[in-house]
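Asker: So here's entry_18.txt, just compact mmCIF, C-alpha atoms and all ligand atoms:
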```
# COMPACT_ATOMS: atom_id res chain seq x y z
CA MET Y 1 75.98 161.84 71.16
CA ARG Y 2 75.87 158.18 70.14
CA LEU Y 3 72.67 157.16 71.99
CA LYS Y 4 70.58 160.32 71.66
CA ASP Y 5 66.95 159.74 72.80
CA LYS Y 6 67.40 155.95 73.00
CA VAL Y 7 65.45 154.37 75.87
CA ALA Y 8 67.78 152.00 77.75
CA VAL Y 9 66.83 149.66 80.60
CA ILE Y 10 69.88 148.82 82.71
CA THR Y 11 69.50 146.17 85.40
CA GLY Y 12 71.74 146.65 88.43
CA GLY Y 13 72.24 150.20 87.16
CA GLY Y 14 72.82 151.73 90.59
CA SER Y 15 76.27 150.41 91.49
CA ASP Y 16 79.76 149.67 90.19
CA ILE Y 17 79.72 148.41 86.55
CA GLY Y 18 75.99 149.08 86.13
CA LEU Y 19 76.42 152.61 87.48
CA ALA Y 20 79.26 153.30 85.04
CA ILE Y 21 77.09 152.04 82.15
CA THR Y 22 74.16 154.18 83.39
CA GLN Y 23 76.31 157.31 83.57
CA ALA Y 24 77.94 156.67 80.18
CA PHE Y 25 74.58 156.04 78.49
CA ALA Y 26 73.06 159.17 80.06
CA SER Y 27 75.95 161.29 78.88
CA GLU Y 28 75.55 159.82 75.36
CA GLY Y 29 71.96 161.16 75.37
CA ALA Y 30 70.02 158.01 76.37
CA ILE Y 31 67.00 157.99 78.66
CA VAL Y 32 68.11 155.48 81.30
CA VAL Y 33 65.70 153.27 83.24
CA ILE Y 34 67.57 151.63 86.10
CA ALA Y 35 66.23 148.51 87.79
CA ALA Y 36 67.55 146.80 90.93
CA ARG Y 37 66.25 146.03 94.43
CA ASN Y 38 67.76 148.87 96.47
CA ALA Y 39 65.32 151.73 95.80
CA SER Y 40 67.16 154.45 97.70
CA ARG Y 41 70.43 153.79 95.85
CA LEU Y 42 68.61 153.79 92.49
CA ASN Y 43 66.79 157.03 93.33
CA GLU Y 44 70.04 158.73 94.33
CA VAL Y 45 71.62 157.78 91.00
CA ALA Y 46 68.57 158.88 89.00
CA ASP Y 47 68.33 162.18 90.91
CA ALA Y 48 72.01 162.95 90.27
CA ILE Y 49 71.66 162.26 86.53
CA ASN Y 50 68.48 164.34 86.27
CA ALA Y 51 70.10 167.19 88.25
CA GLY Y 52 73.00 167.13 85.80
CA GLY Y 53 70.73 167.57 82.78
CA GLY Y 54 70.39 163.87 81.87
CA ARG Y 55 67.23 161.75 81.89
CA ALA Y 56 66.92 158.86 84.32
CA ARG Y 57 64.15 156.88 85.99
CA ALA Y 58 64.53 154.42 88.86
CA ILE Y 59 62.18 151.42 88.95
CA PRO Y 60 62.90 149.15 91.95
CA THR Y 61 62.78 145.55 90.69
CA ASP Y 62 63.88 142.11 91.73
CA ILE Y 63 64.78 140.54 88.37
CA THR Y 64 64.14 137.02 89.70
CA ASN Y 65 60.46 137.93 90.23
CA GLU Y 66 58.45 137.45 87.04
CA ASN Y 67 55.68 139.87 88.07
CA GLN Y 68 58.10 142.59 89.12
CA VAL Y 69 59.95 142.32 85.79
CA ARG Y 70 56.65 142.53 83.88
CA LYS Y 71 55.65 145.62 85.89
CA MET Y 72 59.05 147.29 85.40
CA VAL Y 73 58.91 146.82 81.61
CA ALA Y 74 55.25 147.91 81.47
CA GLN Y 75 56.09 151.04 83.47
CA ALA Y 76 59.03 151.92 81.21
CA LEU Y 77 56.83 151.42 78.13
CA ALA Y 78 53.99 153.49 79.63
CA GLU Y 79 56.38 156.37 80.30
CA TYR Y 80 58.63 156.29 77.24
CA GLY Y 81 56.66 154.35 74.60
CA ARG Y 82 59.40 151.89 73.68
CA ILE Y 83 62.58 150.20 74.90
CA ASP Y 84 65.49 150.47 72.47
CA ILE Y 85 68.23 148.89 74.58
CA LEU Y 86 68.35 146.35 77.42
CA ILE Y 87 71.52 145.83 79.43
CA ASN Y 88 71.31 142.62 81.48
CA ASN Y 89 73.96 143.64 83.99
CA ALA Y 90 72.52 142.62 87.40
CA GLY Y 91 74.33 139.63 88.81
CA ILE Y 92 75.65 138.10 91.99
CA ALA Y 93 78.97 136.43 92.73
CA GLY Y 94 77.48 133.58 94.75
CA PRO Y 95 79.29 131.15 97.03
CA THR Y 96 82.96 130.22 97.08
CA ALA Y 97 82.71 126.49 97.76
CA ARG Y 98 83.63 123.14 96.30
CA ILE Y 99 80.97 121.26 94.33
CA VAL Y 100 81.03 118.50 96.94
CA ASP Y 101 80.01 121.04 99.60
CA MET Y 102 77.59 123.07 97.46
CA GLU Y 103 74.40 124.21 99.21
CA LEU Y 104 71.41 123.89 96.89
CA ASP Y 105 69.80 127.19 97.87
CA LYS Y 106 73.00 129.12 97.11
CA TRP Y 107 73.39 127.32 93.76
CA ASN Y 108 69.76 128.08 92.88
CA GLU Y 109 70.08 131.74 93.91
CA VAL Y 110 72.99 132.36 91.51
CA LEU Y 111 71.19 130.73 88.60
CA ALA Y 112 67.98 132.63 89.47
CA VAL Y 113 69.65 136.05 89.33
CA ASN Y 114 72.36 135.62 86.70
CA LEU Y 115 70.54 133.36 84.26
CA THR Y 116 66.77 133.33 84.91
CA GLY Y 117 66.76 137.09 85.61
CA THR Y 118 68.43 137.61 82.23
CA LEU Y 119 65.75 135.45 80.58
CA LEU Y 120 62.85 137.27 82.29
CA CYS Y 121 64.08 140.77 81.38
CA SER Y 122 64.95 139.76 77.81
CA ARG Y 123 61.61 137.99 77.28
CA GLU Y 124 59.54 140.99 78.39
CA VAL Y 125 61.61 143.51 76.42
CA LEU Y 126 61.59 141.34 73.25
CA LYS Y 127 57.77 141.53 73.27
CA ASP Y 128 58.13 145.27 72.64
CA MET Y 129 61.16 145.08 70.32
CA MET Y 130 60.02 142.29 67.97
CA PRO Y 131 56.85 143.93 66.57
CA ARG Y 132 58.80 147.17 66.09
CA LYS Y 133 61.62 145.26 64.35
CA SER Y 134 64.23 147.19 66.30
CA GLY Y 135 66.26 146.59 69.42
CA ASN Y 136 69.59 145.97 71.06
CA ILE Y 137 70.31 143.66 74.01
CA ILE Y 138 73.65 143.42 75.81
CA ASN Y 139 74.34 140.77 78.43
CA ILE Y 140 77.16 140.92 80.96
CA SER Y 141 78.98 137.62 81.31
CA SER Y 142 82.44 137.24 82.85
CA VAL Y 143 85.80 135.61 82.42
CA GLY Y 144 84.11 132.96 84.58
CA GLY Y 145 81.85 132.33 81.59
CA GLN Y 146 84.79 131.38 79.41
CA SER Y 147 86.65 129.08 81.75
CA GLY Y 148 85.87 127.09 84.86
CA PHE Y 149 87.29 128.33 88.16
CA PRO Y 150 87.61 126.10 91.22
CA MET Y 151 85.14 126.85 94.04
CA ARG Y 152 83.04 129.06 91.74
CA SER Y 153 80.83 126.51 89.98
CA PRO Y 154 77.42 128.28 90.06
CA TYR Y 155 78.95 131.57 88.93
CA CYS Y 156 80.87 129.95 86.05
CA VAL Y 157 77.84 127.87 85.01
CA SER Y 158 75.59 130.93 85.05
CA LYS Y 159 78.02 133.09 83.10
CA MET Y 160 78.72 130.37 80.48
CA GLY Y 161 74.93 130.12 80.26
CA VAL Y 162 74.74 133.86 79.59
CA ILE Y 163 77.04 133.43 76.57
CA ALA Y 164 74.94 130.51 75.25
CA PHE Y 165 71.80 132.56 75.87
CA THR Y 166 73.31 135.50 73.95
CA GLU Y 167 74.14 133.34 70.94
CA THR Y 168 70.70 131.70 70.92
CA MET Y 169 68.81 134.98 71.32
CA ALA Y 170 70.91 136.63 68.58
CA ILE Y 171 69.86 133.89 66.14
CA GLU Y 172 66.18 134.03 67.16
CA ALA Y 173 65.96 137.83 67.17
CA GLY Y 174 68.12 138.64 64.15
CA GLU Y 175 65.27 138.52 61.63
CA TYR Y 176 63.52 141.16 63.75
CA ASN Y 177 66.48 143.52 63.37
CA ILE Y 178 67.43 143.01 67.01
CA ARG Y 179 71.11 142.68 67.86
CA VAL Y 180 72.20 140.70 70.92
CA ASN Y 181 75.76 140.78 72.24
CA CYS Y 182 77.67 140.04 75.39
CA ILE Y 183 80.53 141.64 77.30
CA SER Y 184 82.89 139.42 79.24
CA PRO Y 185 85.03 141.35 81.75
CA ALA Y 186 87.77 140.02 83.98
CA ALA Y 187 88.31 141.66 87.40
CA VAL Y 188 86.82 145.17 87.42
CA ARG Y 189 87.73 147.77 90.05
CA GLY Y 190 84.73 148.06 92.40
CA SER Y 191 83.22 146.88 95.65
CA ARG Y 192 83.09 143.20 94.65
CA ILE Y 193 86.80 142.85 93.81
CA LEU Y 194 88.10 145.23 96.47
CA ASN Y 195 86.10 143.53 99.26
CA ALA Y 196 87.25 140.09 98.12
CA ALA Y 197 90.87 141.29 97.94
CA SER Y 198 90.62 142.87 101.43
CA ALA Y 199 89.23 139.64 102.89
CA LYS Y 200 91.97 137.56 101.26
CA ALA Y 201 94.66 140.02 102.37
CA LYS Y 202 93.40 139.80 105.94
CA ALA Y 203 93.31 136.01 105.84
CA LEU Y 204 96.86 135.80 104.48
CA GLY Y 205 98.22 138.68 106.59
CA VAL Y 206 99.40 140.66 103.57
CA ASP Y 207 98.64 144.06 102.06
CA ARG Y 208 95.57 144.42 99.79
CA GLU Y 209 97.76 145.84 97.02
CA GLU Y 210 99.81 142.63 97.12
CA ILE Y 211 96.63 140.61 96.52
CA LEU Y 212 95.65 142.89 93.63
CA THR Y 213 99.13 142.54 92.13
CA ARG Y 214 98.82 138.74 92.32
CA LEU Y 215 95.32 138.93 90.86
CA THR Y 216 96.47 140.91 87.82
CA ARG Y 217 99.74 139.03 87.31
CA ASP Y 218 98.28 137.15 84.31
CA PHE Y 219 96.78 140.28 82.79
CA SER Y 220 98.96 141.64 79.97
CA LEU Y 221 98.24 145.19 81.16
CA LYS Y 222 99.00 144.27 84.82
CA ARG Y 223 96.04 146.17 86.21
CA LEU Y 224 92.33 145.93 87.01
CA ILE Y 225 89.73 146.92 84.45
CA GLU Y 226 87.96 150.21 85.22
CA PRO Y 227 84.12 150.23 85.23
CA SER Y 228 84.25 153.02 82.63
CA GLU Y 229 86.09 150.63 80.27
CA VAL Y 230 83.23 148.12 80.45
CA ALA Y 231 80.80 151.02 79.96
CA ALA Y 232 82.70 152.14 76.84
CA ALA Y 233 82.30 148.64 75.36
CA ALA Y 234 78.56 148.76 76.16
CA VAL Y 235 78.19 152.16 74.45
CA PHE Y 236 79.95 150.75 71.36
CA LEU Y 237 77.72 147.66 71.22
CA ALA Y 238 74.57 149.75 71.81
CA SER Y 239 75.46 152.29 69.12
CA ASP Y 240 75.26 152.13 65.33
CA GLU Y 241 79.08 151.87 65.25
CA SER Y 242 78.60 148.11 65.85
CA SER Y 243 75.66 147.72 63.43
CA ALA Y 244 76.92 144.46 61.87
CA ILE Y 245 77.89 142.82 65.16
CA THR Y 246 75.51 140.34 66.80
CA GLY Y 247 75.87 137.10 68.75
CA HIS Y 248 79.35 138.25 69.78
CA THR Y 249 81.10 138.14 73.15
CA LEU Y 250 83.45 141.07 73.54
CA VAL Y 251 86.14 140.39 76.12
CA VAL Y 252 87.23 143.37 78.22
CA ASN Y 253 89.95 141.75 80.25
CA CYS Y 254 93.24 143.73 80.12
CA GLY Y 255 94.73 140.82 78.17
CA LEU Y 256 94.03 137.95 80.56
CA HIS Y 257 94.92 134.58 78.96
CA ILE Y 258 97.14 136.10 76.29
CA SER Y 259 100.20 136.94 78.37
CA HIS Y 260 101.61 133.39 78.37
CA TYR Y 261 102.70 131.94 75.04
N1 LIG Y 301 83.14 143.06 89.34
C1 LIG Y 301 83.79 142.29 88.49
O1 LIG Y 301 85.02 142.15 88.56
C2 LIG Y 301 83.03 141.56 87.41
C3 LIG Y 301 83.76 140.83 86.46
C4 LIG Y 301 83.09 140.17 85.45
C5 LIG Y 301 81.71 140.25 85.37
N2 LIG Y 301 81.02 140.95 86.30
C6 LIG Y 301 79.57 141.00 86.16
O2 LIG Y 301 79.18 142.35 85.94
C7 LIG Y 301 77.90 142.59 86.51
C8 LIG Y 301 77.97 143.75 87.49
O3 LIG Y 301 78.96 143.43 88.47
P1 LIG Y 301 79.37 144.44 89.65
O4 LIG Y 301 80.73 144.12 90.06
O5 LIG Y 301 79.01 145.82 89.26
O6 LIG Y 301 78.40 143.86 90.76
P2 LIG Y 301 77.76 144.53 92.03
O7 LIG Y 301 78.50 145.77 92.42
O8 LIG Y 301 77.59 143.45 93.01
O9 LIG Y 301 76.34 144.97 91.47
C9 LIG Y 301 75.40 144.03 91.11
C10 LIG Y 301 74.11 144.75 90.82
O10 LIG Y 301 73.10 143.78 90.57
C11 LIG Y 301 71.94 144.13 91.31
N3 LIG Y 301 71.20 142.92 91.66
C12 LIG Y 301 71.64 141.85 92.33
N4 LIG Y 301 70.63 140.97 92.50
C13 LIG Y 301 69.55 141.52 91.90
C14 LIG Y 301 68.20 141.10 91.74
N5 LIG Y 301 67.74 139.95 92.22
N6 LIG Y 301 67.35 141.92 91.08
C15 LIG Y 301 67.77 143.10 90.57
N7 LIG Y 301 69.04 143.54 90.69
C16 LIG Y 301 69.91 142.75 91.36
C17 LIG Y 301 72.47 144.86 92.55
O11 LIG Y 301 71.53 145.78 93.04
P3 LIG Y 301 70.56 145.45 94.31
O12 LIG Y 301 71.40 144.75 95.33
O13 LIG Y 301 70.05 146.80 94.71
O14 LIG Y 301 69.46 144.59 93.76
C18 LIG Y 301 73.66 145.62 91.97
O15 LIG Y 301 73.25 146.86 91.46
C19 LIG Y 301 77.47 141.27 87.16
O16 LIG Y 301 76.67 140.53 86.28
C20 LIG Y 301 78.81 140.57 87.39
O17 LIG Y 301 78.69 139.17 87.47
C21 LIG Y 301 81.65 141.61 87.32
```
Please express what this file holds, its structure, as structure tokens.
Ligand SMILES: NC(=O)c1ccc[n+]([C@@H]2O[C@H](COP(=O)([O-])OP(=O)(O)OC[C@H]3O[C@@H](n4cnc5c(N)ncnc54)[C@H](OP(=O)(O)O)[C@@H]3O)[C@@H](O)[C@H]2O)c1

Answerer:
Amino acid sequence: MRLKDKVAVITGGGSDIGLAITQAFASEGAIVVIAARNASRLNEVADAINAGGGRARAIPTDITNENQVRKMVAQALAEYGRIDILINNAGIAGPTARIVDMELDKWNEVLAVNLTGTLLCSREVLKDMMPRKSGNIINISSVGGQSGFPMRSPYCVSKMGVIAFTETMAIEAGEYNIRVNCISPAAVRGSRILNAASAKAKALGVDREEILTRLTRDFSLKRLIEPSEVAAAAVFLASDESSAITGHTLVVNCGLHISHY
């Protein structure tokens, strides 16, 4: 077991990529604290892990709310005594709209969840990690954090910001023996991609598989990424196997960008 008895806080740990990370961490021996807004979904996930012999705790939290983040971290510390790992996974896709038509509240909402939420969780967890001179933080960016995409400006801005935040935090926290890394996936199989593909298929009057084939055309492996493949990267970055790696963005993208040369 690569994460035996490590206490890991995973934001958005109740669905899709976050759920896969939660399950992988629990099966590697970690105590998982999952934080998101939907309490019943979180409780179901925690109950299933506990019933299967793992250790999980659900703490309903809106990561954009400073007080709720403080309470979530305080509760995790009260119950487990320390936080070894933070996975800043919670994020929203936000609007699909041109900059000229951008609605300010939608822009602000994306930055609040994807960027400010990452700051708030990291800040509170660092207060425990720094005095102990030990810790590991992993942020989830996106292919949208490495390149601009039309109609997706707040998402791309927030995810590029997550990479800049990772690099800055890695430099600040390094002398406290805290590693900070980032994972940048392309399209991952799950509700977000499948719903978007279904909507596009309906609009164009084609089959959803056709949309998925078009979507993965520029991926060397010609397929979507599985949530378990993002989770495997998170386990690696959280474990001692990556002990000299910090400030790094690990792309998990089935070879997007490298198929044309
Ligand atoms: N899916 C992809 O293809 C893909 C690709 C690259 C990167 N990513 C990134 O990977 C991460 C996970 O994506 P996903 O596809 O698994 O997304 P998802 O299925 O939409 O899940 C997002 C999670 O974030 C939580 N969340 C949203 N707003 C929150 C808030 N204010 N406070 C606390 N939790 C909040 C949601 O739970 P509640 O609604 O219960 O709060 C949910 O558990 C995101 O950061 C996403 O941008 C995804």

Asker: Choose the residue, out of Y:Ser239, Y:Ser134, Y:Thr11, Y:Thr213, that has the smallest atom-to-atom separation from ligand LIG 301 (chain Y); count all atoms listed in the file.

Answerer: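 Residue with the minimum atom-to-atom distance to ligand LIG 301 (chain Y): Y:Thr11.
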
Asker: Throw together the list of residues within 6 Å of ligand LIG 301 (chain Y), counting all atoms listed in the file, and drop it here as an MDAnalysis selection string.

Answerer: chainID Y and resid 11:18 36:38 61:64 89:93 113 140:142 185:188 191:193

Asker: Check the smallest atom-to-atom distance from each of Y:Ala244, Y:Ala58, Y:Ala24, Y:Glu44 to Gly174 of chain Y using all atoms listed in the file, then report the winner.

Answerer: Y:Ala244

Asker: Can you work out the spacing between atom CA of Ala112 of chain Y and atom CA of Lys127 of chain Y in Å, to one decimal?

Answerer: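 Between atom CA of Ala112 of chain Y and atom CA of Lys127 of chain Y the gap works out to 21.1 Å.
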
Asker: List the neighbours of segment 194-200 of chain Y out to 10 Å using all atoms listed in the file; skip same-chain residues closer than 5 positions along the sequence, and give me the result as a PyMOL selection string.

Answerer: chain Y and resi 187-189+205-212+215

Asker: What's the 12 Å shell around Glu79 of chain Y, counting all atoms listed in the file, without same-chain residues fewer than 2 positions away, as JSON, numbers by chain?

Answerer: {"Y": [7, 31, 32, 33, 56, 57, 58, 59, 72, 73, 74, 75, 76, 77, 81, 82, 83]}

Asker: Restricting the calculation to only C-alpha atoms, which member of Y:Lys222, Y:Arg152, Y:Lys159, Y:Arg70 is positioned closest to Ser122 of chain Y?

Answerer: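 Under the stated criterion, the closest residue is Y:Arg70.
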
Asker: Of the candidates Y:Asn88, Y:Asn43, Y:Thr96, Y:Asn136, which shows the shortest atom-to-atom distance to Ser153 of chain Y, using only C-alpha atoms?

Answerer: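 Nearest candidate to Ser153 of chain Y out of Y:Asn88, Y:Asn43, Y:Thr96, Y:Asn136: Y:Thr96.
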
Asker: At what distance in Å, to one decimal, does atom CA of Glu28 of chain Y lie from atom CA of Thr116 of chain Y?

Answerer: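 These two atoms are separated by 29.5 Å.
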
Asker: Please provide the set of residues having any atom within 12 Å of Asn177 of chain Y, restricted to only C-alpha atoms, with same-chain residues fewer than 4 positions apart removed, written as a list in words.

Answerer: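 In the requested form, the answer reads Asp84, Leu126, Met129, Met130, Pro131, Arg132, Lys133, Ser134, Gly135, Asn136, Ile137, Met169, Ala170, Ile171, Glu172, Ala173, Ser243, Ala244, Ile245 and Thr246 of chain Y.
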
Asker: For Arg55 of chain Y, which residue out of Y:Ala8, Y:Ala78, Y:Ala20, Y:Ile99 is the nearest one, using all atoms listed in the file?

Answerer: Y:Ala8

Asker: Rounded to one decimal place, report the atom CA of Gly29 of chain Y-atom CA of Pro227 of chain Y distance in Å.

Answerer: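 Between atom CA of Gly29 of chain Y and atom CA of Pro227 of chain Y the gap is 19.1 Å.
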
Asker: Find, counting all atoms listed in the file, the residue in Y:Ile163, Y:Val143, Y:Val157, Y:Ile34 that gets nearest to Asn253 of chain Y.

Answerer: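 Among Y:Ile163, Y:Val143, Y:Val157, Y:Ile34, it is Y:Val143 that comes nearest to Asn253 of chain Y.
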
Asker: As lines of an AutoDock Vina configuration file, please: the centre and edge lengths in Å, to one decimal, of an axis-aligned box enclosing every listed atom of segment 101-106 of chain Y with 3 Å added on each side.

Answerer:
```
center_x = 74.9
center_y = 125.1
center_z = 98.2
size_x = 16.2
size_y = 14.1
size_z = 8.7
```
